[in-house]
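Chemist: The structure that follows is given in the form of structure tokens.
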Amino acid sequence: MTDLEYLDHAEGLLRRVEAQCDRLNETTDADIDNQRVGGMITLAFADASQIVINLQKPLQEVWLAARSGGYHYKFVDGAWRDTKSGEEFFARLSQSASEHAGIALGFTAA
């Protein structure tokens, strides 16, 4: 994948995360403060915990850091997949955000 293709896919992922945080704040009792600075989004929760998602351009990866650990994702066959487990990015984000917020939250790739 070229650097331009990576950036296109990665920026799309960050935009989806931002939009879905807004949707979840409107449709659930979640209180997710999402702040983007360049290629990094910080999701802050009511208990002061955070999830950080950032682009790793030299590696063409997206990294997610949460209470449960750190995860690295590469774009494979149309989806962001964990480099160790193969888990899809939005599945992990949903699980981690639910743990941080204390309620079930669903993020999707579409």
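Every chain in the structure tokens takes a letter, A first, then B, and so on in the order presented; its residues are numbered from 1, and the ligands are numbered from 1 following the presented order.
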Skip stretch 45-60 of chain A itself and residues of its chain fewer than 5 positions away, then list as a ChimeraX atom specification all residues within 8 Å of it, counting only C-alpha atoms.
Modeler: /A:3,6-7,10,31-33,39-40,65-67,74,96-97,100-101
Chemist: To test your reading of the structure, identify every residue in chain A that backbone DSSP assigns to strand (DSSP E or B), and report it as an NGL selection string.
Modeler: :A and (33-37 or 40-44 or 50-56 or 61-66 or 69-76 or 79-82 or 88)
Chemist: Give me, please, the distance in Å between atom CA of A:Ser98 and atom CA of A:Lys84, quoted to one decimal.
Modeler: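 Going from atom CA of A:Ser98 over to atom CA of A:Lys84, I get 22.0 Å.
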Chemist: Extract, using only C-alpha atoms, all DNA, RNA and protein residues at most 8 Å from stretch 15-19 of chain A, discarding same-chain residues fewer than 5 positions from it, and format them as a PyMOL selection string.
Modeler: chain A and resi 34+107+109-110
